[in-house]
Every structure is written in structure tokens, then in C-alpha cells.
$ cat model.cif   # mmCIF, C-alpha atoms
data_run
loop_
_atom_site.label_atom_id
_atom_site.label_comp_id
_atom_site.auth_asym_id
_atom_site.auth_seq_id
_atom_site.Cartn_x
_atom_site.Cartn_y
_atom_site.Cartn_z
CA MET A 1 -2.76 -1.82 23.16
CA LEU A 2 -5.49 -1.75 25.79
CA GLY A 3 -7.50 0.51 23.47
CA ILE A 4 -7.20 -1.98 20.60
CA LEU A 5 -8.15 -4.86 22.91
CA SER A 6 -11.19 -3.03 24.32
CA ALA A 7 -12.46 -1.79 20.94
CA SER A 8 -12.01 -5.18 19.36
CA LEU A 9 -13.77 -6.97 22.21
CA ALA A 10 -16.65 -4.49 22.29
CA LEU A 11 -17.25 -4.78 18.55
CA THR A 12 -16.98 -8.58 18.63
CA LEU A 13 -19.43 -8.86 21.53
CA LEU A 14 -21.89 -6.58 19.78
CA LEU A 15 -21.75 -8.45 16.48
CA GLU A 16 -21.51 -12.02 17.73
CA THR A 17 -24.09 -11.64 20.47
CA THR A 18 -26.49 -10.18 17.92
CA ALA A 19 -25.71 -13.06 15.58
CA ALA A 20 -26.28 -15.54 18.39
CA ALA A 21 -29.62 -13.91 19.29
CA LEU A 22 -30.70 -14.09 15.65
CA TRP A 23 -29.64 -17.76 15.67
CA GLY A 24 -32.19 -18.26 18.41
CA LEU A 25 -30.00 -18.29 21.51
CA ARG A 26 -31.62 -16.98 24.70
CA ARG A 27 -30.66 -16.45 28.35
CA GLN A 28 -28.01 -18.97 29.42
CA ASN A 29 -27.02 -19.75 25.85
CA LEU A 30 -26.67 -16.06 25.09
CA LEU A 31 -24.54 -15.63 28.22
CA LEU A 32 -22.42 -18.53 26.99
CA GLY A 33 -22.01 -16.64 23.71
CA VAL A 34 -20.67 -13.61 25.59
CA MET A 35 -18.30 -15.77 27.64
CA VAL A 36 -16.83 -17.72 24.73
CA ASN A 37 -15.99 -14.40 23.12
CA LEU A 38 -14.34 -13.22 26.33
CA LEU A 39 -12.38 -16.45 26.23
CA THR A 40 -11.13 -16.16 22.67
CA ASN A 41 -11.14 -12.54 21.47
CA PRO A 42 -8.58 -10.87 23.77
CA ALA A 43 -6.15 -13.77 23.32
CA ALA A 44 -6.57 -13.74 19.53
CA VAL A 45 -6.05 -9.97 19.31
CA LEU A 46 -2.98 -10.16 21.55
CA LEU A 47 -1.43 -12.99 19.52
CA HIS A 48 -2.20 -11.17 16.29
CA GLN A 49 -0.41 -8.12 17.62
CA LEU A 50 2.62 -10.21 18.57
CA PHE A 51 2.69 -12.25 15.36
CA PRO A 52 1.12 -10.19 12.57
CA GLY A 53 0.50 -11.56 9.10
CA TRP A 54 -2.27 -13.19 7.10
CA GLY A 55 -1.09 -16.74 7.80
CA VAL A 56 -1.23 -16.25 11.56
CA THR A 57 -4.59 -14.47 11.27
CA LEU A 58 -6.09 -17.43 9.43
CA VAL A 59 -4.74 -19.91 11.98
CA LEU A 60 -6.03 -17.76 14.85
CA GLU A 61 -9.47 -17.34 13.29
CA GLY A 62 -9.63 -21.07 12.64
CA ALA A 63 -8.71 -21.82 16.24
CA VAL A 64 -11.33 -19.35 17.50
CA VAL A 65 -14.06 -21.03 15.40
CA VAL A 66 -13.05 -24.47 16.72
CA ILE A 67 -12.85 -23.37 20.37
CA GLU A 68 -16.14 -21.46 20.31
CA GLY A 69 -17.86 -24.28 18.42
CA ALA A 70 -16.60 -26.80 20.98
CA TYR A 71 -17.86 -24.67 23.90
CA TYR A 72 -21.26 -24.15 22.27
CA ALA A 73 -21.50 -27.90 21.66
CA LYS A 74 -20.43 -28.86 25.17
CA TYR A 75 -22.02 -26.19 27.36
CA GLY A 76 -24.94 -24.95 25.24
CA LEU A 77 -28.51 -25.94 25.99
CA ARG A 78 -29.56 -27.68 22.79
CA ILE A 79 -28.07 -25.09 20.47
CA ARG A 80 -28.88 -25.85 16.85
CA HIS A 81 -25.75 -26.49 14.77
CA PRO A 82 -23.25 -25.06 17.27
CA TRP A 83 -20.30 -25.36 14.86
CA LEU A 84 -22.16 -23.55 12.12
CA LEU A 85 -23.15 -20.85 14.60
CA SER A 86 -19.51 -20.38 15.58
CA LEU A 87 -18.39 -20.26 11.95
CA SER A 88 -21.11 -17.79 10.92
CA ALA A 89 -20.69 -15.45 13.89
CA ASN A 90 -16.93 -15.33 13.48
CA ALA A 91 -17.12 -14.86 9.73
CA LEU A 92 -19.45 -11.91 10.35
CA SER A 93 -17.24 -10.22 12.94
CA PHE A 94 -14.06 -10.92 10.94
CA GLY A 95 -15.62 -9.49 7.77
CA VAL A 96 -16.90 -6.37 9.54
CA GLY A 97 -13.47 -5.97 11.17
CA VAL A 98 -11.74 -6.10 7.78
CA VAL A 99 -14.13 -3.50 6.35
CA ILE A 100 -13.71 -1.18 9.35
CA ASN A 101 -9.92 -1.55 9.14
CA ARG A 102 -9.98 -0.49 5.52
CA LEU A 103 -12.20 2.50 6.25
CA LEU A 104 -10.18 3.80 9.19
CA MET B 105 7.54 -15.84 -23.49
CA LYS B 106 10.46 -17.31 -21.56
CA ARG B 107 11.65 -13.80 -20.77
CA ALA B 108 8.26 -12.88 -19.35
CA TYR B 109 8.35 -15.95 -17.07
CA ALA B 110 11.91 -15.14 -16.03
CA LEU B 111 10.91 -11.57 -15.16
CA LEU B 112 7.88 -12.77 -13.22
CA LEU B 113 9.97 -15.33 -11.35
CA THR B 114 12.63 -12.75 -10.52
CA LEU B 115 9.99 -10.38 -9.15
CA LEU B 116 8.44 -13.15 -7.08
CA LEU B 117 11.85 -14.10 -5.70
CA LEU B 118 12.48 -10.49 -4.80
CA GLY B 119 9.24 -10.56 -2.83
CA THR B 120 7.80 -7.69 -4.80
CA THR B 121 5.02 -7.10 -7.25
CA ALA B 122 5.01 -4.89 -10.28
CA THR B 123 2.13 -3.02 -11.82
CA ALA B 124 1.64 -2.54 -15.54
CA ASP B 125 3.51 0.76 -15.48
CA VAL B 126 6.50 -0.94 -13.81
CA LEU B 127 6.18 0.68 -10.41
CA ILE B 128 7.62 -1.66 -7.82
CA GLU B 129 5.14 -2.17 -5.02
CA PRO B 130 5.97 -3.49 -1.56
CA SER B 131 5.00 -7.02 -0.67
CA ASP B 132 3.23 -6.04 2.51
CA ASP B 133 -0.17 -6.94 3.97
CA PHE B 134 -0.99 -3.37 4.91
CA TYR B 135 0.06 -2.00 1.53
CA ARG B 136 -1.99 -4.64 -0.28
CA THR B 137 -5.18 -3.63 1.51
CA HIS B 138 -4.52 0.13 1.32
CA ALA B 139 -2.80 0.47 -2.06
CA GLU B 140 -5.45 2.90 -3.28
CA GLU B 141 -4.59 5.28 -0.46
CA CYS B 142 -0.85 5.16 -1.12
CA GLU B 143 0.89 7.69 -3.33
CA TYR B 144 4.12 7.02 -5.23
CA LEU B 145 6.98 9.40 -4.46
CA ASP B 146 10.57 8.14 -4.73
CA ARG B 147 12.40 10.15 -2.11
CA SER B 148 14.87 9.73 0.73
CA TYR B 149 14.38 11.03 4.25
CA THR B 150 16.57 11.63 7.29
CA ALA B 151 15.33 10.20 10.59
CA ASN B 152 14.67 13.08 12.98
CA GLY B 153 12.52 11.96 15.90
CA LYS B 154 12.16 14.20 18.94
CA GLU B 155 13.34 11.34 21.16
CA GLY B 156 16.50 10.90 19.11
CA TYR B 157 15.22 7.98 17.05
CA VAL B 158 12.32 6.90 14.90
CA ALA B 159 10.38 3.64 14.99
CA LEU B 160 9.51 1.62 11.90
CA TYR B 161 6.12 0.07 12.61
CA GLN B 162 4.51 -3.10 11.34
CA SER B 163 1.86 -0.90 9.75
CA PRO B 164 0.49 2.62 10.26
CA LYS B 165 -2.26 1.06 12.40
CA SER B 166 -0.04 -1.17 14.51
CA SER B 167 1.79 -0.35 17.71
CA ARG B 168 4.31 -3.12 17.02
CA GLN B 169 7.72 -1.77 16.06
CA ARG B 170 9.83 -3.74 13.61
CA GLU B 171 12.92 -1.63 13.98
CA THR B 172 14.20 1.53 15.66
CA VAL B 173 16.60 3.85 13.84
CA GLY B 174 18.75 6.60 15.32
CA ASN B 175 18.40 10.18 14.08
CA GLY B 176 20.54 11.04 11.09
CA ALA B 177 20.05 7.71 9.32
CA VAL B 178 18.77 7.99 5.76
CA LEU B 179 15.51 6.15 5.06
CA ARG B 180 14.50 5.35 1.51
CA GLY B 181 10.88 4.95 0.51
CA ARG B 182 8.58 5.11 -2.47
CA TRP B 183 5.08 4.85 -1.09
CA ILE B 184 3.30 7.26 1.22
CA TYR B 185 0.06 6.32 2.95
CA ARG B 186 -2.45 9.19 3.26
CA GLY B 187 0.40 11.70 3.11
CA THR B 188 1.52 10.83 6.62
CA TRP B 189 3.26 7.43 6.66
CA LEU B 190 6.24 6.29 4.57
CA ALA B 191 6.89 2.66 3.60
CA VAL B 192 10.62 2.39 4.31
CA GLU B 193 12.57 -0.03 2.10
CA GLU B 194 15.92 -1.72 2.48
CA GLU B 195 18.84 0.17 0.96
CA ASP B 196 19.73 -2.48 -1.58
CA SER B 197 16.34 -4.05 -2.27
CA GLU B 198 12.63 -3.30 -2.29
CA GLU B 199 12.10 -5.35 0.87
CA LEU B 200 9.95 -3.42 3.34
CA ARG B 201 11.58 -2.49 6.65
CA GLY B 202 8.48 -0.90 8.16
CA TRP B 203 6.30 2.20 8.20
CA VAL B 204 7.52 5.47 9.69
CA GLU B 205 5.60 8.64 10.50
CA LEU B 206 6.64 11.34 8.03
CA SER B 207 6.39 13.98 10.76
CA GLU B 208 9.46 12.35 12.33
CA CYS B 209 11.52 12.58 9.14
CA VAL B 210 13.08 15.33 7.06
CA PRO B 211 13.33 14.96 3.27
CA VAL B 212 16.88 14.71 1.96
CA ALA B 213 17.33 17.82 -0.23
CA ASP B 214 16.37 16.87 -3.80
CA TYR B 215 14.68 18.22 -6.93
CA LEU B 216 11.41 18.67 -5.03
CA SER B 217 13.06 20.66 -2.23
CA PHE B 218 14.70 22.76 -4.93
CA GLU B 219 11.42 23.34 -6.74
CA GLU B 220 9.69 24.34 -3.50
CA VAL B 221 12.23 27.14 -2.99
CA HIS B 222 13.04 28.19 -6.55
CA GLY B 223 10.02 27.07 -8.58
CA GLY B 224 8.94 30.67 -9.08
CA GLU B 225 12.26 31.52 -10.74
CA PHE B 226 12.10 28.88 -13.48
CA VAL B 227 12.47 30.08 -17.08
CA PRO B 228 12.00 28.36 -20.45
CA TYR B 229 14.92 26.72 -22.29
CA ASP B 230 17.01 28.94 -24.58
CA ARG B 231 17.83 27.22 -27.90
CA ALA B 232 21.08 29.18 -28.08
CA LEU B 233 22.44 26.61 -25.58
CA ASP B 234 21.99 23.73 -28.08
CA THR B 235 25.60 24.18 -29.23
CA ASN B 236 26.85 23.23 -25.72
CA PHE B 237 25.75 19.65 -26.42
CA ALA B 238 27.20 19.40 -29.92
CA ASP B 239 30.74 18.17 -29.25
CA ILE B 240 30.72 16.54 -25.81
CA GLU B 241 30.74 12.83 -24.93
CA ASN B 242 29.10 12.82 -21.52
CA VAL B 243 26.62 14.95 -19.66
CA VAL B 244 26.69 15.21 -15.86
CA LEU B 245 23.35 14.72 -14.10
CA TRP B 246 23.11 16.53 -10.74
CA THR B 247 20.60 15.97 -7.96
CA TYR B 248 19.71 19.70 -8.13
CA PRO B 249 21.59 22.91 -9.02
CA GLY B 250 24.25 23.76 -6.47
CA SER B 251 23.90 20.44 -4.62
CA GLY B 252 27.46 19.39 -5.45
CA LYS B 253 26.01 15.86 -5.66
CA ILE B 254 26.27 14.02 -8.94
CA ALA B 255 23.49 11.57 -9.73
CA TRP B 256 25.33 10.20 -12.78
CA ALA B 257 28.51 11.60 -14.30
CA GLU B 258 28.50 9.71 -17.59
CA ALA B 259 25.15 10.13 -19.27
CA ASP B 260 25.86 9.68 -22.99
CA ALA B 261 25.49 13.12 -24.58
CA ARG B 262 23.96 11.52 -27.67
CA TRP B 263 20.73 11.28 -25.64
CA PHE B 264 20.38 15.04 -26.03
CA ARG B 265 21.24 14.97 -29.73
CA GLU B 266 19.55 11.82 -31.01
CA ASN B 267 16.81 10.74 -28.58
CA VAL B 268 15.46 14.17 -27.73
CA THR B 269 16.38 17.71 -28.60
CA PRO B 270 17.67 19.83 -25.71
CA ALA B 271 14.52 21.92 -25.96
CA GLU B 272 12.45 18.76 -25.38
CA ALA B 273 14.75 17.38 -22.68
CA PHE B 274 14.86 20.47 -20.47
CA SER B 275 11.32 21.24 -19.45
CA GLN B 276 12.35 24.10 -17.17
CA CYS B 277 15.54 26.05 -16.50
CA TRP B 278 17.04 28.08 -13.71
CA GLU B 279 19.91 30.54 -13.50
CA ASP B 280 22.25 30.29 -10.51
CA GLY B 281 24.08 33.10 -8.70
CA GLU B 282 27.06 32.80 -11.02
CA GLY B 283 24.99 33.24 -14.16
CA ARG B 284 25.04 29.53 -15.14
CA LEU B 285 21.88 28.10 -16.60
CA TRP B 286 20.58 24.73 -15.38
CA GLY B 287 17.99 22.51 -17.02
CA PHE B 288 15.65 19.99 -15.38
CA VAL B 289 15.68 16.51 -16.93
CA ASN B 290 12.61 14.44 -16.26
CA TYR B 291 14.16 11.25 -17.69
CA CYS B 292 17.50 10.18 -19.13
CA TYR B 293 18.71 6.56 -19.47
CA GLY B 294 16.65 5.43 -16.47
CA TRP B 295 17.56 8.41 -14.30
CA ARG B 296 14.62 10.52 -13.24
CA ASN B 297 14.33 14.08 -11.96
CA THR B 298 17.89 15.32 -12.31
CA TRP B 299 19.43 18.63 -13.35
CA VAL B 300 22.10 19.45 -15.97
CA CYS B 301 24.29 22.53 -15.95
CA LEU B 302 23.43 23.77 -19.45
CA SER B 303 26.27 26.28 -19.41
CA ASP B 304 28.84 23.57 -18.58
CA PRO B 305 27.19 20.17 -19.17
CA ASP B 306 30.24 17.88 -18.86
CA ASN B 307 31.95 19.55 -15.90
CA THR B 308 32.05 17.24 -12.88
CA ASP B 309 33.69 19.80 -10.60
CA LEU B 310 30.90 22.26 -9.94
CA ALA B 311 31.11 23.06 -6.26
CA ALA B 312 28.18 22.85 -3.86
CA ASP B 313 26.48 26.12 -3.02
CA PRO B 314 24.79 25.96 0.39
CA GLU B 315 22.99 29.23 -0.35
CA VAL B 316 20.82 27.50 -2.96
CA LEU B 317 18.94 25.52 -0.30
CA PRO B 318 19.73 27.07 3.10
CA GLU B 319 19.35 24.58 5.97
CA LYS B 320 16.46 25.60 8.23
CA THR B 321 15.51 22.30 9.83
CA VAL B 322 16.10 21.73 13.52
CA TYR B 323 17.86 18.38 13.84
CA TYR B 324 17.49 16.49 17.10
CA PRO B 325 20.58 14.62 18.31
CA ALA B 326 20.58 10.85 17.91
CA ALA B 327 19.72 8.78 20.98
CA ALA B 328 22.56 6.72 22.37
CA PRO B 329 21.84 3.92 22.64
CA VAL B 330 18.77 3.62 20.42
CA PRO B 331 16.05 1.72 22.34
CA ALA B 332 15.15 -1.77 21.14
CA PRO B 333 11.91 -2.01 19.13
CA SER B 334 8.78 -2.53 21.17
CA SER B 335 6.44 -5.45 20.53
CA GLY B 336 3.56 -3.04 21.12
CA VAL B 337 2.18 -5.27 23.84
CA SER B 338 2.52 -3.90 27.35
CA GLY B 339 3.01 -6.22 30.30
CA LEU B 340 -0.25 -4.91 31.79
CA ALA B 341 -2.19 -5.80 28.64
CA ALA B 342 -0.72 -9.30 28.56
CA VAL B 343 -1.53 -9.91 32.24
CA LEU B 344 -5.09 -8.63 31.79
CA VAL B 345 -5.64 -10.91 28.80
CA VAL B 346 -4.36 -13.94 30.69
CA LEU B 347 -6.62 -13.10 33.66
CA VAL B 348 -9.71 -12.63 31.48
CA VAL B 349 -9.09 -15.84 29.53
CA ALA B 350 -8.33 -17.92 32.63
CA GLY B 351 -11.24 -16.43 34.57
CA THR B 352 -13.68 -17.09 31.74
CA ALA B 353 -12.39 -20.64 31.23
CA VAL B 354 -13.10 -21.33 34.91
CA LEU B 355 -16.47 -19.57 34.90
CA ILE B 356 -18.03 -21.21 31.84
CA PRO B 357 -18.34 -24.74 33.32
CA VAL B 358 -19.71 -23.25 36.54
CA VAL B 359 -22.27 -20.92 34.95
CA CYS B 360 -23.30 -23.23 32.12
CA ARG B 361 -23.70 -26.52 33.96
CA GLY B 362 -26.87 -27.37 32.16
CA GLY B 363 -25.11 -28.13 28.91
CA ARG B 364 -25.35 -31.36 27.00
CA ARG B 365 -24.16 -34.50 28.68
CA PRO B 366 -22.45 -37.25 26.74
CA GLY B 367 -25.08 -39.40 25.07
CA GLU B 368 -27.75 -36.68 25.12
#

$ encode --input "model.cif" --output "C-alpha cells"
Amino acid sequence: MLGILSASLALTLLLETTAAALWGLRRQNLLLGVMVNLLTNPAAVLLHQLFPGWGVTLVLEGAVVVIEGAYYAKYGLRIRHPWLLSLSANALSFGVGVVINRLL
Amino acid sequence: MKRAYALLLTLLLLGTTATADVLIEPSDDFYRTHAEECEYLDRSYTANGKEGYVALYQSPKSSRQRETVGNGAVLRGRWIYRGTWLAVEEEDSEELRGWVELSECVPVADYLSFEEVHGGEFVPYDRALDTNFADIENVVLWTYPGSGKIAWAEADARWFRENVTPAEAFSQCWEDGEGRLWGFVNYCYGWRNTWVCLSDPDNTDLAADPEVLPEKTVYYPAAAPVPAPSSGVSGLAAVLVVLVVAGTAVLIPVVCRGGRRPGE
């Protein structure tokens, strides 16, 4: 389980931090990006493990987008379209995760 | 048209899907995304884990166990993922129970086990045996020669006179230690992969011969009691996650104080 949590977090941080950097986030905003992923990813992976299924996955992903968007909006330093950033970054990492899962 | 809807509705209610060639497929998230890597093989297995039980997992990639089953229990499955994981179904339906590692199971002796051992001894059908099917009502279908297990005792013998000729029905034959000839039947009235004793097709009393498939497998004793299935989440992992989430939730407002204020 710890292996799944670590691998998932590492991949998410890599993808979403890159996405955030491409979005134009720098320094404190980029650090915020790392922290919001620390806040949401391990909990989402753990809950997915406990309650597997597509329905739960969709609810969890939706919750992650909302939480991260809310944090970007509240604690970010003039981040452009924080909700769209959250949606895009999570769609990217979710999509890559699905592809990797199919390949493994 | 109504029949087609009724069939579709029945399949939906059963929680299964059917492909065009009428192979029942499990209604399972993992199967759906890995169907191309799954091979169809209708076979039963005996649980034989080294710990005395086997675990049926949520998926081959999950550590969450749906069920644990003591050694000796028979597991039925039709789909095998990458040759290593079996999708175990309920006994009386196609509902998926979980995925089990094939290395922890032993196939129940069947036509494939028989072919593995005796495939080199198969001979073609002898038309002289046609007369054995001329005057009988039923033909007995066996799981394999010498198994002593009848798959179906009352297969209408007309199948072998009217639907197919015996020469067409019996693709390969085998002679047992007592000089009886057996024929392999790929399909008969819905039954697949069975054997008929060509020398005595309607006899239901042919005794089992353990010498045909000698038992070589080492069976591990069943655990007592069988442990409850694991959620796959260790206490340590759960505690670490809670600590990381709580720590980050506290840190963010401290580290990122310069965020937007209301009205900005």
C-alpha cells in the first residue's frame, strides 16, 4: 500500500507541478501547487483503495478538483483561472494514470 | 424484436455483458479495461495456497481482498488475465467474486488435463464403430476417459445419427487400458469438450480409473480458521496519510499567507 501511495504521489507531483509551471505559476504559487497535491492525493488514493469502483473514482476526482481549485483561489498569488488550472492539471494526471494502469 | 429486448434486459439484470459470439463477460471494471489481455478458458480450479487459503482480490493490481477461501474449495472461472490471474465467478451465476492468482490454484482434472498427458496417444476415429450408435437412445458424455464423472448421461443419440456423423463428431479418439475406445466431442447439445466411450456409449457405470491421470500435485492443508479478507490498507499507511493531510492543511495557510484577501 505504501508503494502505491508513494508512486501515485510522485507521479502526480511530477505531472501537476509541471502543468502548474506551464500555467505560469512560480515560487510560492508553485509551492502551493505541491502542497495542495500533498493534501489531496494520498487521501484520494487511500479512499480509492478502500472503496474501489468508477463511481467512487469520479466523486473523488471531482472532490480533488474542487478542493485544489479552492486552495489555489484562496491562497494563490493572483493565479489566473485557478479552477481551470485545477481541472486541467487533474485531468492530465488522471488521464496519464489511466494510460499507465492499462500498460502495466 | 421483443425477444432481443428481453434477452438484453435479462443480461443487464444478470449484471453481465455478452459479445457477438455469446461469450459471457464479467461486469467488472478491471475486466472492462483489460479485456484484450484476457483469454477465455472455461475451467474449474481447486484453491491450494501455501498458507492454507487463497485470496480473491478486487483486481490483479489491487491489494484489497474481496474474499478469502480455504484450500480445497473449487473455484470456477472463464477469463484469465495475462495467463496468471483468474476471474472467479459465483457457482450459480456469472457474478464476479474476485481475481485469484493461478499459481495458488490447481486445475480440476478435465479434458485439458487429459490431453496434456495422453495427447500423444490420440488416434483417428474408426468408422467400424458407427454401428454402436445405431440402436441406442442416449449417449453418456464423460468429463474425460476414466474420470468416472458423467457430464451428461442423457444426450440424445440422434445427435450422432442426424446432426453429425460419428466420424464428424469425434475429432480424436483414445484407447484405454481395457481396450475401450473413447471419442472426444467438441460440442453436443450445449455441452462442450466431453468424451464418449465409443465401445459402450450408453453405459453409465464405467468405473473411474485413477491410473489415467495419476495425482502428482502437492495439496496444502486448509487453514482453520481462514483469515478474514484484508482491506489492503495497513494501519501504518492510514496513519501516515492522515498525518500528511493534516500537516499540509495546517502548513498551507502559514506558508501561503500572501494569498488573495476577500475583496481583492

$ interface_residues --input "model.cif" --of "chain A" --to "chain B" --cutoff "10 Å" --atoms "all atoms listed in the file" --output "PDB file with C-alpha atoms, in the coordinates of the input"
ATOM      1  CA  MET A   1      -2.760  -1.820  23.160  1.00  0.00           C
ATOM      2  CA  LEU A   2      -5.490  -1.750  25.790  1.00  0.00           C
ATOM      3  CA  GLY A   3      -7.500   0.510  23.470  1.00  0.00           C
ATOM      4  CA  ILE A   4      -7.200  -1.980  20.600  1.00  0.00           C
ATOM      5  CA  LEU A   5      -8.150  -4.860  22.910  1.00  0.00           C
ATOM      6  CA  GLN A  28     -28.010 -18.970  29.420  1.00  0.00           C
ATOM      7  CA  ASN A  29     -27.020 -19.750  25.850  1.00  0.00           C
ATOM      8  CA  LEU A  31     -24.540 -15.630  28.220  1.00  0.00           C
ATOM      9  CA  LEU A  32     -22.420 -18.530  26.990  1.00  0.00           C
ATOM     10  CA  VAL A  34     -20.670 -13.610  25.590  1.00  0.00           C
ATOM     11  CA  MET A  35     -18.300 -15.770  27.640  1.00  0.00           C
ATOM     12  CA  VAL A  36     -16.830 -17.720  24.730  1.00  0.00           C
ATOM     13  CA  ASN A  37     -15.990 -14.400  23.120  1.00  0.00           C
ATOM     14  CA  LEU A  38     -14.340 -13.220  26.330  1.00  0.00           C
ATOM     15  CA  LEU A  39     -12.380 -16.450  26.230  1.00  0.00           C
ATOM     16  CA  THR A  40     -11.130 -16.160  22.670  1.00  0.00           C
ATOM     17  CA  ASN A  41     -11.140 -12.540  21.470  1.00  0.00           C
ATOM     18  CA  PRO A  42      -8.580 -10.870  23.770  1.00  0.00           C
ATOM     19  CA  ALA A  43      -6.150 -13.770  23.320  1.00  0.00           C
ATOM     20  CA  ALA A  44      -6.570 -13.740  19.530  1.00  0.00           C
ATOM     21  CA  VAL A  45      -6.050  -9.970  19.310  1.00  0.00           C
ATOM     22  CA  LEU A  46      -2.980 -10.160  21.550  1.00  0.00           C
ATOM     23  CA  LEU A  47      -1.430 -12.990  19.520  1.00  0.00           C
ATOM     24  CA  GLN A  49      -0.410  -8.120  17.620  1.00  0.00           C
ATOM     25  CA  LEU A  50       2.620 -10.210  18.570  1.00  0.00           C
ATOM     26  CA  PHE A  51       2.690 -12.250  15.360  1.00  0.00           C
ATOM     27  CA  PRO A  52       1.120 -10.190  12.570  1.00  0.00           C
ATOM     28  CA  GLY A  53       0.500 -11.560   9.100  1.00  0.00           C
ATOM     29  CA  TRP A  54      -2.270 -13.190   7.100  1.00  0.00           C
ATOM     30  CA  TYR A  71     -17.860 -24.670  23.900  1.00  0.00           C
ATOM     31  CA  TYR A  72     -21.260 -24.150  22.270  1.00  0.00           C
ATOM     32  CA  ALA A  73     -21.500 -27.900  21.660  1.00  0.00           C
ATOM     33  CA  LYS A  74     -20.430 -28.860  25.170  1.00  0.00           C
ATOM     34  CA  TYR A  75     -22.020 -26.190  27.360  1.00  0.00           C
ATOM     35  CA  GLY A  76     -24.940 -24.950  25.240  1.00  0.00           C
ATOM     36  CA  LEU A  77     -28.510 -25.940  25.990  1.00  0.00           C
ATOM     37  CA  ARG A  78     -29.560 -27.680  22.790  1.00  0.00           C
ATOM     38  CA  ILE A  79     -28.070 -25.090  20.470  1.00  0.00           C
ATOM     39  CA  VAL A  98     -11.740  -6.100   7.780  1.00  0.00           C
ATOM     40  CA  ASN A 101      -9.920  -1.550   9.140  1.00  0.00           C
ATOM     41  CA  ARG A 102      -9.980  -0.490   5.520  1.00  0.00           C
ATOM     42  CA  LEU A 103     -12.200   2.500   6.250  1.00  0.00           C
ATOM     43  CA  LEU A 104     -10.180   3.800   9.190  1.00  0.00           C
TER      44      LEU A 104
END

$ resolve_selection --input "model.cif" --expression "the PyMOL selection byres ((chain B and resi 143) around 12)" --output "PDB file with C-alpha atoms, in the coordinates of the input"
ATOM      1  CA  LEU B 127       6.180   0.680 -10.410  1.00  0.00           C
ATOM      2  CA  GLU B 129       5.140  -2.170  -5.020  1.00  0.00           C
ATOM      3  CA  TYR B 135       0.060  -2.000   1.530  1.00  0.00           C
ATOM      4  CA  HIS B 138      -4.520   0.130   1.320  1.00  0.00           C
ATOM      5  CA  ALA B 139      -2.800   0.470  -2.060  1.00  0.00           C
ATOM      6  CA  GLU B 140      -5.450   2.900  -3.280  1.00  0.00           C
ATOM      7  CA  GLU B 141      -4.590   5.280  -0.460  1.00  0.00           C
ATOM      8  CA  CYS B 142      -0.850   5.160  -1.120  1.00  0.00           C
ATOM      9  CA  TYR B 144       4.120   7.020  -5.230  1.00  0.00           C
ATOM     10  CA  LEU B 145       6.980   9.400  -4.460  1.00  0.00           C
ATOM     11  CA  ASP B 146      10.570   8.140  -4.730  1.00  0.00           C
ATOM     12  CA  ARG B 147      12.400  10.150  -2.110  1.00  0.00           C
ATOM     13  CA  GLY B 181      10.880   4.950   0.510  1.00  0.00           C
ATOM     14  CA  ARG B 182       8.580   5.110  -2.470  1.00  0.00           C
ATOM     15  CA  TRP B 183       5.080   4.850  -1.090  1.00  0.00           C
ATOM     16  CA  ILE B 184       3.300   7.260   1.220  1.00  0.00           C
ATOM     17  CA  TYR B 185       0.060   6.320   2.950  1.00  0.00           C
ATOM     18  CA  ARG B 186      -2.450   9.190   3.260  1.00  0.00           C
ATOM     19  CA  GLY B 187       0.400  11.700   3.110  1.00  0.00           C
ATOM     20  CA  THR B 188       1.520  10.830   6.620  1.00  0.00           C
ATOM     21  CA  TRP B 189       3.260   7.430   6.660  1.00  0.00           C
ATOM     22  CA  LEU B 190       6.240   6.290   4.570  1.00  0.00           C
ATOM     23  CA  ALA B 191       6.890   2.660   3.600  1.00  0.00           C
TER      24      ALA B 191
END

$ resolve_selection --input "model.cif" --expression "the PyMOL selection byres ((chain B and resi 225) around 9)" --output "list in words"
Val221, His222, Gly223, Gly224, Phe226, Val227, Cys277, Trp278 and Glu279 of chain B

$ resolve_selection --input "model.cif" --expression "the PyMOL selection byres ((chain B and resi 298) around 9)" --output "CSV table (one decimal) with C-alpha atoms, keeping the file's coordinate frame"
chain,number,residue,atom,x,y,z
B,214,ASP,CA,16.4,16.9,-3.8
B,215,TYR,CA,14.7,18.2,-6.9
B,245,LEU,CA,23.4,14.7,-14.1
B,246,TRP,CA,23.1,16.5,-10.7
B,247,THR,CA,20.6,16.0,-8.0
B,248,TYR,CA,19.7,19.7,-8.1
B,255,ALA,CA,23.5,11.6,-9.7
B,287,GLY,CA,18.0,22.5,-17.0
B,288,PHE,CA,15.6,20.0,-15.4
B,289,VAL,CA,15.7,16.5,-16.9
B,290,ASN,CA,12.6,14.4,-16.3
B,291,TYR,CA,14.2,11.2,-17.7
B,292,CYS,CA,17.5,10.2,-19.1
B,295,TRP,CA,17.6,8.4,-14.3
B,296,ARG,CA,14.6,10.5,-13.2
B,297,ASN,CA,14.3,14.1,-12.0
B,299,TRP,CA,19.4,18.6,-13.4
B,300,VAL,CA,22.1,19.4,-16.0

$ atom_distance --input "model.cif" --atom1 "CA of Trp256 in chain B" --atom2 "CA of Ala213 in chain B"
16.7 Å

$ residues_around --input "model.cif" --residues "Glu195 in chain B" --least-positions-apart "3" --cutoff "9 Å" --atoms "all atoms listed in the file" --output "PyMOL selection string"
chain B and resi 179-180+198-199

$ axis_aligned_box --input "model.cif" --around "range 75-80 of chain A" --padding-each-side "3 Å" --output "JSON"
{"center_x": -25.8, "center_y": -26.3, "center_z": 22.1, "size_x": 13.5, "size_y": 8.7, "size_z": 16.5}

$ residues_around --input "model.cif" --residues "range 314-327 of chain B" --least-positions-apart "5" --cutoff "8 Å" --atoms "all atoms listed in the file" --output "list in words"
Asn152, Gly153, Lys154, Glu155, Gly156, Tyr157, Gly174, Asn175, Gly176, Val210, Ala213, Ser217, Phe218, Val221, Pro249, Gly250 and Ser251 of chain B

$ atom_distance --input "model.cif" --atom1 "CA of Asn242 in chain B" --atom2 "CA of Asp260 in chain B"
4.7 Å

$ atom_distance --input "model.cif" --atom1 "CA of Val99 in chain A" --atom2 "CA of Glu68 in chain A"
22.8 Å

$ residues_near_point --input "model.cif" --point "(-19.1, -18.0, 10.7)" --cutoff "12 Å" --atoms "only C-alpha atoms" --output "ChimeraX atom specification"
/A:15-16,19-20,23,61-62,64-66,68-69,81-96

$ build_atoms --input "model.cif" --residues "range 280-286 of chain B" --atoms "N, CA and C atoms" --output "CSV table (one decimal), in the coordinates of the input"
chain,number,residue,atom,x,y,z
B,280,ASP,N,21.7,30.2,-11.9
B,280,ASP,CA,22.2,30.3,-10.5
B,280,ASP,C,22.9,31.6,-10.3
B,281,GLY,N,23.5,31.8,-9.1
B,281,GLY,CA,24.1,33.1,-8.7
B,281,GLY,C,25.3,33.5,-9.5
B,282,GLU,N,25.9,32.5,-10.2
B,282,GLU,CA,27.1,32.8,-11.0
B,282,GLU,C,26.7,32.9,-12.5
B,283,GLY,N,25.4,33.0,-12.8
B,283,GLY,CA,25.0,33.2,-14.2
B,283,GLY,C,24.9,32.0,-15.0
B,284,ARG,N,25.1,30.8,-14.4
B,284,ARG,CA,25.0,29.5,-15.1
B,284,ARG,C,23.6,29.1,-15.2
B,285,LEU,N,23.2,28.6,-16.4
B,285,LEU,CA,21.9,28.1,-16.6
B,285,LEU,C,21.8,26.6,-16.3
B,286,TRP,N,20.8,26.1,-15.7
B,286,TRP,CA,20.6,24.7,-15.4
B,286,TRP,C,19.3,24.3,-16.0
